[in-house]
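*Asks:* Below is the file upload_6.cif, with mmCIF, C-alpha atoms.
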```cif
data_target
#
loop_
_atom_site.group_PDB
_atom_site.id
_atom_site.type_symbol
_atom_site.label_atom_id
_atom_site.label_comp_id
_atom_site.auth_asym_id
_atom_site.auth_seq_id
_atom_site.Cartn_x
_atom_site.Cartn_y
_atom_site.Cartn_z
ATOM 1 C CA MET A 1 114.594 82.861 72.922
ATOM 2 C CA ASN A 2 116.436 85.977 71.826
ATOM 3 C CA ALA A 3 114.144 88.879 72.496
ATOM 4 C CA LEU A 4 113.564 91.070 75.489
ATOM 5 C CA VAL A 5 110.117 91.026 77.023
ATOM 6 C CA THR A 6 107.869 94.075 76.900
ATOM 7 C CA THR A 7 106.039 94.467 80.190
ATOM 8 C CA PRO A 8 103.228 96.788 81.342
ATOM 9 C CA LYS A 9 103.677 99.682 83.752
ATOM 10 C CA PRO A 10 104.783 98.524 87.205
ATOM 11 C CA PRO A 11 103.772 97.185 89.591
ATOM 12 C CA TYR A 12 103.924 93.593 88.374
ATOM 13 C CA TYR A 13 105.840 90.559 89.609
ATOM 14 C CA VAL A 14 108.913 88.581 88.615
ATOM 15 C CA VAL A 15 110.192 85.136 89.431
ATOM 16 C CA ILE A 16 113.981 84.997 89.218
ATOM 17 C CA PHE A 17 115.294 81.455 88.860
ATOM 18 C CA SER A 18 119.103 81.249 89.203
ATOM 19 C CA SER A 19 120.603 77.817 88.726
ATOM 20 C CA VAL A 20 123.643 75.639 88.323
ATOM 21 C CA LYS A 21 122.951 72.628 86.068
ATOM 22 C CA SER A 22 124.088 69.124 86.858
ATOM 23 C CA GLU A 23 125.717 67.114 84.085
ATOM 24 C CA ASN A 24 122.471 65.223 83.561
ATOM 25 C CA ASP A 25 120.560 66.638 80.585
ATOM 26 C CA ASP A 26 118.290 63.617 80.158
ATOM 27 C CA GLY A 27 114.860 64.941 79.182
ATOM 28 C CA TYR A 28 115.797 68.500 80.072
ATOM 29 C CA SER A 29 115.314 70.276 76.755
ATOM 30 C CA GLU A 30 112.048 68.404 76.075
ATOM 31 C CA MET A 31 110.717 69.507 79.458
ATOM 32 C CA SER A 32 111.901 73.099 78.912
ATOM 33 C CA ALA A 33 110.030 73.233 75.614
ATOM 34 C CA ARG A 34 106.910 71.710 77.175
ATOM 35 C CA LEU A 35 106.941 74.158 80.093
ATOM 36 C CA LEU A 36 107.365 77.096 77.739
ATOM 37 C CA GLU A 37 104.335 75.956 75.735
ATOM 38 C CA LEU A 38 102.281 75.647 78.906
ATOM 39 C CA VAL A 39 103.386 78.834 80.642
ATOM 40 C CA ILE A 40 102.534 80.974 77.622
ATOM 41 C CA ASN A 41 98.885 80.037 78.156
ATOM 42 C CA GLN A 42 98.794 80.705 81.884
ATOM 43 C CA ASP A 43 96.548 83.525 83.072
ATOM 44 C CA GLY A 44 98.595 86.502 84.154
ATOM 45 C CA PHE A 45 101.800 85.433 82.391
ATOM 46 C CA LEU A 46 103.586 88.426 80.834
ATOM 47 C CA GLY A 47 106.719 86.861 79.351
ATOM 48 C CA VAL A 48 110.022 85.176 80.118
ATOM 49 C CA GLU A 49 113.701 85.889 79.476
ATOM 50 C CA SER A 50 116.438 83.323 79.855
ATOM 51 C CA ALA A 51 120.231 83.135 79.526
ATOM 52 C CA ARG A 52 122.796 80.523 80.448
ATOM 53 C CA ASN A 53 126.545 80.121 80.369
ATOM 54 C CA GLU A 54 128.300 79.260 83.663
ATOM 55 C CA ILE A 55 125.022 79.726 85.514
ATOM 56 C CA GLY A 56 121.478 80.011 84.225
ATOM 57 C CA ILE A 57 119.093 82.873 84.928
ATOM 58 C CA THR A 58 115.440 82.731 83.933
ATOM 59 C CA VAL A 59 113.213 85.680 84.724
ATOM 60 C CA SER A 60 109.472 85.264 84.223
ATOM 61 C CA TYR A 61 107.060 88.197 84.459
ATOM 62 C CA TRP A 62 103.598 87.991 85.999
ATOM 63 C CA GLU A 63 100.574 90.190 86.627
ATOM 64 C CA SER A 64 100.116 89.053 90.228
ATOM 65 C CA LEU A 65 101.282 86.771 93.035
ATOM 66 C CA ASP A 66 98.107 84.788 92.497
ATOM 67 C CA ALA A 67 99.074 84.068 88.880
ATOM 68 C CA ILE A 68 102.510 82.876 90.085
ATOM 69 C CA GLN A 69 100.871 80.572 92.622
ATOM 70 C CA LYS A 70 98.564 79.072 89.994
ATOM 71 C CA TRP A 71 101.543 78.292 87.769
ATOM 72 C CA LYS A 72 103.317 76.750 90.756
ATOM 73 C CA ASP A 73 100.287 74.466 91.218
ATOM 74 C CA ASN A 74 100.325 73.321 87.577
ATOM 75 C CA ARG A 75 100.686 69.525 87.435
ATOM 76 C CA VAL A 76 103.379 69.391 84.750
ATOM 77 C CA HIS A 77 105.285 72.231 86.370
ATOM 78 C CA LYS A 78 105.250 70.327 89.679
ATOM 79 C CA MET A 79 106.592 67.202 87.990
ATOM 80 C CA ALA A 80 109.275 69.307 86.276
ATOM 81 C CA ARG A 81 110.387 70.798 89.604
ATOM 82 C CA LYS A 82 110.639 67.326 91.133
ATOM 83 C CA LYS A 83 112.813 66.120 88.248
ATOM 84 C CA GLY A 84 114.804 69.330 88.442
ATOM 85 C CA ARG A 85 115.815 68.559 92.023
ATOM 86 C CA GLU A 86 116.426 64.874 91.282
ATOM 87 C CA LYS A 87 118.345 65.207 88.022
ATOM 88 C CA TRP A 88 118.923 68.474 86.251
ATOM 89 C CA TYR A 89 120.191 70.923 88.858
ATOM 90 C CA ASP A 90 123.043 70.942 91.332
ATOM 91 C CA LYS A 91 121.519 73.967 92.965
ATOM 92 C CA PHE A 92 119.112 76.793 92.360
ATOM 93 C CA THR A 93 117.523 79.794 94.019
ATOM 94 C CA VAL A 94 114.035 81.123 93.344
ATOM 95 C CA ARG A 95 113.160 84.708 94.216
ATOM 96 C CA ILE A 96 109.765 86.342 93.891
ATOM 97 C CA ALA A 97 109.846 90.104 93.638
ATOM 98 C CA ARG A 98 107.558 93.042 92.980
ATOM 99 C CA VAL A 99 108.773 95.314 90.181
ATOM 100 C CA GLU A 100 108.543 98.939 91.243
ATOM 101 C CA ARG A 101 110.397 100.741 88.473
ATOM 102 C CA GLU A 102 111.332 100.010 84.874
ATOM 103 C CA TYR A 103 113.156 101.849 82.119
ATOM 104 C CA GLY A 104 114.775 100.891 78.889
ATOM 105 C CA PHE A 105 116.846 101.807 75.883
ATOM 106 C CA ASN A 106 116.497 100.911 72.236
ATOM 107 C CA SER A 107 119.041 102.073 69.679
ATOM 108 C CA GLU A 108 116.623 101.653 66.741
ATOM 109 C CA MET B 1 131.312 84.382 87.610
ATOM 110 C CA ASN B 2 129.944 80.909 88.181
ATOM 111 C CA ALA B 3 128.398 80.901 91.622
ATOM 112 C CA LEU B 4 124.966 81.711 92.910
ATOM 113 C CA VAL B 5 124.655 84.580 95.361
ATOM 114 C CA THR B 6 123.602 83.985 98.951
ATOM 115 C CA THR B 7 121.260 86.724 100.100
ATOM 116 C CA PRO B 8 119.773 87.626 103.494
ATOM 117 C CA LYS B 9 116.133 87.119 104.438
ATOM 118 C CA PRO B 10 113.778 89.234 102.318
ATOM 119 C CA PRO B 11 112.908 91.998 101.914
ATOM 120 C CA TYR B 12 115.832 93.255 99.866
ATOM 121 C CA TYR B 13 116.060 94.670 96.348
ATOM 122 C CA VAL B 14 117.177 93.524 92.921
ATOM 123 C CA VAL B 15 118.143 95.282 89.735
ATOM 124 C CA ILE B 16 117.427 93.106 86.707
ATOM 125 C CA PHE B 17 119.373 94.221 83.635
ATOM 126 C CA SER B 18 118.248 92.407 80.456
ATOM 127 C CA SER B 19 120.168 93.286 77.323
ATOM 128 C CA VAL B 20 120.924 92.610 73.702
ATOM 129 C CA LYS B 21 124.551 93.432 72.854
ATOM 130 C CA SER B 22 125.596 95.275 69.741
ATOM 131 C CA GLU B 23 128.500 93.895 67.721
ATOM 132 C CA ASN B 24 130.805 96.501 69.237
ATOM 133 C CA ASP B 25 132.841 94.996 72.078
ATOM 134 C CA ASP B 26 135.432 97.772 72.170
ATOM 135 C CA GLY B 27 136.354 98.316 75.811
ATOM 136 C CA TYR B 28 133.419 96.261 77.014
ATOM 137 C CA SER B 29 135.174 93.526 79.006
ATOM 138 C CA GLU B 30 137.572 96.038 80.593
ATOM 139 C CA MET B 31 134.613 98.152 81.733
ATOM 140 C CA SER B 32 132.749 95.074 83.013
ATOM 141 C CA ALA B 33 135.753 94.100 85.123
ATOM 142 C CA ARG B 34 136.161 97.644 86.417
ATOM 143 C CA LEU B 35 132.491 97.941 87.361
ATOM 144 C CA LEU B 36 132.597 94.606 89.160
ATOM 145 C CA GLU B 37 135.591 95.781 91.209
ATOM 146 C CA LEU B 38 133.767 98.984 92.113
ATOM 147 C CA VAL B 39 130.346 97.547 92.839
ATOM 148 C CA ILE B 40 131.730 94.999 95.287
ATOM 149 C CA ASN B 41 132.775 97.875 97.520
ATOM 150 C CA GLN B 42 129.461 99.743 97.375
ATOM 151 C CA ASP B 43 127.542 100.076 100.613
ATOM 152 C CA GLY B 44 124.496 97.864 100.591
ATOM 153 C CA PHE B 45 125.673 95.638 97.727
ATOM 154 C CA LEU B 46 124.759 91.976 98.341
ATOM 155 C CA GLY B 47 126.009 90.258 95.189
ATOM 156 C CA VAL B 48 125.521 89.829 91.455
ATOM 157 C CA GLU B 49 124.688 86.980 89.075
ATOM 158 C CA SER B 50 125.136 87.160 85.333
ATOM 159 C CA ALA B 51 124.526 84.957 82.299
ATOM 160 C CA ARG B 52 124.611 85.572 78.564
ATOM 161 C CA ASN B 53 123.944 83.691 75.391
ATOM 162 C CA GLU B 54 121.371 85.137 72.953
ATOM 163 C CA ILE B 55 120.505 87.793 75.497
ATOM 164 C CA GLY B 56 122.265 88.853 78.677
ATOM 165 C CA ILE B 57 120.699 88.944 82.127
ATOM 166 C CA THR B 58 122.504 90.484 85.092
ATOM 167 C CA VAL B 59 120.790 90.496 88.467
ATOM 168 C CA SER B 60 122.358 92.531 91.266
ATOM 169 C CA TYR B 61 121.159 92.314 94.859
ATOM 170 C CA TRP B 62 120.936 95.288 97.221
ATOM 171 C CA GLU B 63 119.965 96.088 100.789
ATOM 172 C CA SER B 64 117.876 99.132 99.887
ATOM 173 C CA LEU B 65 116.648 101.460 97.141
ATOM 174 C CA ASP B 66 119.007 104.060 98.562
ATOM 175 C CA ALA B 67 122.000 101.789 97.963
ATOM 176 C CA ILE B 68 120.862 101.268 94.355
ATOM 177 C CA GLN B 69 120.544 105.023 93.860
ATOM 178 C CA LYS B 70 124.049 105.645 95.213
ATOM 179 C CA TRP B 71 125.500 103.109 92.794
ATOM 180 C CA LYS B 72 123.527 104.778 89.978
ATOM 181 C CA ASP B 73 125.212 108.060 90.938
ATOM 182 C CA ASN B 74 128.721 106.555 90.833
ATOM 183 C CA ARG B 75 130.842 108.484 88.314
ATOM 184 C CA VAL B 76 132.367 105.459 86.560
ATOM 185 C CA HIS B 77 129.014 103.704 86.466
ATOM 186 C CA LYS B 78 127.470 106.781 84.822
ATOM 187 C CA MET B 79 130.224 106.829 82.206
ATOM 188 C CA ALA B 80 129.709 103.089 81.617
ATOM 189 C CA ARG B 81 125.974 103.582 81.067
ATOM 190 C CA LYS B 82 126.632 106.360 78.567
ATOM 191 C CA LYS B 83 129.044 104.143 76.610
ATOM 192 C CA GLY B 84 126.586 101.283 76.909
ATOM 193 C CA ARG B 85 123.936 103.278 75.073
ATOM 194 C CA GLU B 86 126.424 104.640 72.524
ATOM 195 C CA LYS B 87 128.328 101.466 71.747
ATOM 196 C CA TRP B 88 127.752 98.181 73.517
ATOM 197 C CA TYR B 89 124.007 97.588 73.536
ATOM 198 C CA ASP B 90 121.316 97.456 70.883
ATOM 199 C CA LYS B 91 118.723 97.484 73.620
ATOM 200 C CA PHE B 92 118.235 96.866 77.271
ATOM 201 C CA THR B 93 115.655 96.992 80.032
ATOM 202 C CA VAL B 94 116.329 97.779 83.686
ATOM 203 C CA ARG B 95 113.869 96.698 86.368
ATOM 204 C CA ILE B 96 114.056 97.462 90.052
ATOM 205 C CA ALA B 97 112.127 95.093 92.267
ATOM 206 C CA ARG B 98 111.586 94.266 95.922
ATOM 207 C CA VAL B 99 112.206 90.616 96.770
ATOM 208 C CA GLU B 100 109.397 89.274 98.919
ATOM 209 C CA ARG B 101 110.116 85.546 99.003
ATOM 210 C CA GLU B 102 113.121 83.329 98.423
ATOM 211 C CA TYR B 103 113.792 79.603 98.535
ATOM 212 C CA GLY B 104 116.461 77.335 97.214
ATOM 213 C CA PHE B 105 117.796 73.875 96.631
ATOM 214 C CA ASN B 106 121.272 72.443 96.960
ATOM 215 C CA SER B 107 121.989 68.830 96.078
ATOM 216 C CA GLU B 108 125.151 68.707 98.201
#
```
Represent the supplied structure as structure tokens.
*Replies:*
Amino acid sequence: MNALVTTPKPPYYVVIFSSVKSENDDGYSEMSARLLELVINQDGFLGVESARNEIGITVSYWESLDAIQKWKDNRVHKMARKKGREKWYDKFTVRIARVEREYGFNSE
Amino acid sequence: MNALVTTPKPPYYVVIFSSVKSENDDGYSEMSARLLELVINQDGFLGVESARNEIGITVSYWESLDAIQKWKDNRVHKMARKKGREKWYDKFTVRIARVEREYGFNSE
């Protein structure tokens, strides 16, 4: 993932997932790939950006709180969150926020 | 920076800065360090998290939109943004959002 997401005019919603990984990577990248495949097809999903070095930050963009809730109810996503707490993460914080303003820059 | 930020009960605000660096790093890490020193002392600043690999994501947390505006007006921060567009970034997006919900996990 190396591109920035293009989003519509605000308002829309973001989920900010900040995390510290454990040392256990067992099944992690497979699950990440599977979740990405699934989330792309969710109604109301606008895109996702992700970066990790000392900590990880994943920001996903959504049309509505309802769309976020439906993704939270997804069966595979639920299983992934359970495994995340059991194995892959030492700690994480999830924040849901309403985007009110956006601006950008592109040198091209 | 390798810790997650602890924030108060919502609502509060975030600035999400997603970026693609240019190849020009001239003065970049010095400016990053200087901005971090300055931002820590801004009224209404709650913390910042940052990660970079293919793209960079920096999320700063704020008490209010007014606090964000005052930081935007900071002289050194203005200079940094100018240099950012001229030298350090190929592209970036800035989003300002109001955090409505937060939850977390800590394995300890």
*Asks:* So how many Å separate CA of Ile55 (chain A) and CA of Asp26 (chain B), to one decimal?
*Replies:*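 Going from CA of Ile55 (chain A) over to CA of Asp26 (chain B) covers 24.7 Å.
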*Asks:* Tell me which of A:Glu102, A:Ala97, A:Ser107, A:Leu46 sits closest to Tyr13 (chain B), counting only C-alpha atoms.
*Replies:*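 Distance minimum relative to Tyr13 (chain B) lands on A:Ala97.
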*Asks:* Could you list the residues in chain B lying within 10 Å of chain A, using all atoms listed in the file, and format the result as JSON, numbers by chain?
*Replies:* {"B": [1, 2, 3, 4, 5, 6, 7, 10, 11, 12, 13, 14, 15, 16, 17, 18, 19, 20, 22, 49, 50, 51, 52, 53, 54, 55, 56, 57, 58, 59, 84, 85, 86, 87, 89, 90, 91, 92, 93, 94, 95, 96, 97, 98, 99, 100, 101, 102, 103, 104, 105, 106, 107, 108]}
*Asks:* Looking at all atoms listed in the file, which of A:Lys83, A:Trp71, A:Lys9, A:Val76 is the one that sits closest to Ile40 (chain A)?
*Replies:*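 Using all atoms listed in the file, Ile40 (chain A) sits closest to A:Trp71.
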*Asks:* Would you mind reading off the distance between CA of Pro8 (chain A) and CA of Asp66 (chain A), one decimal, in Å?
*Replies:* 17.2 Å
*Asks:* Given 8 Å of margin on each side, can you work out the centre and size in Å (one decimal) of an axis-aligned box holding every listed atom of region 76-90 of chain A, as JSON?
*Replies:*
```
{"center_x": 113.2, "center_y": 68.6, "center_z": 88.4, "size_x": 35.7, "size_y": 23.4, "size_z": 23.3}
```
*Asks:* So that I can see what lies close to Asn41 (chain A), please list as number ranges by chain the residues with an atom at most 12 Å from it, counting only C-alpha atoms and leaving out residues fewer than 5 positions away in the same chain.
*Replies:* A: 34-36, 46-47, 67, 70-71, 74
*Asks:* To one decimal in Å, tell me the separation between CA of Trp88 (chain B) and CA of Gly44 (chain B).
*Replies:*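 These atoms are spaced 27.3 Å apart.
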*Asks:* Quick one: everything within 12 Å of Met31 (chain A), counting only C-alpha atoms, minus sequence neighbours fewer than 6 positions away in the same chain. Send it as a ChimeraX atom specification.
*Replies:* /A:25,37-39,76-84,88
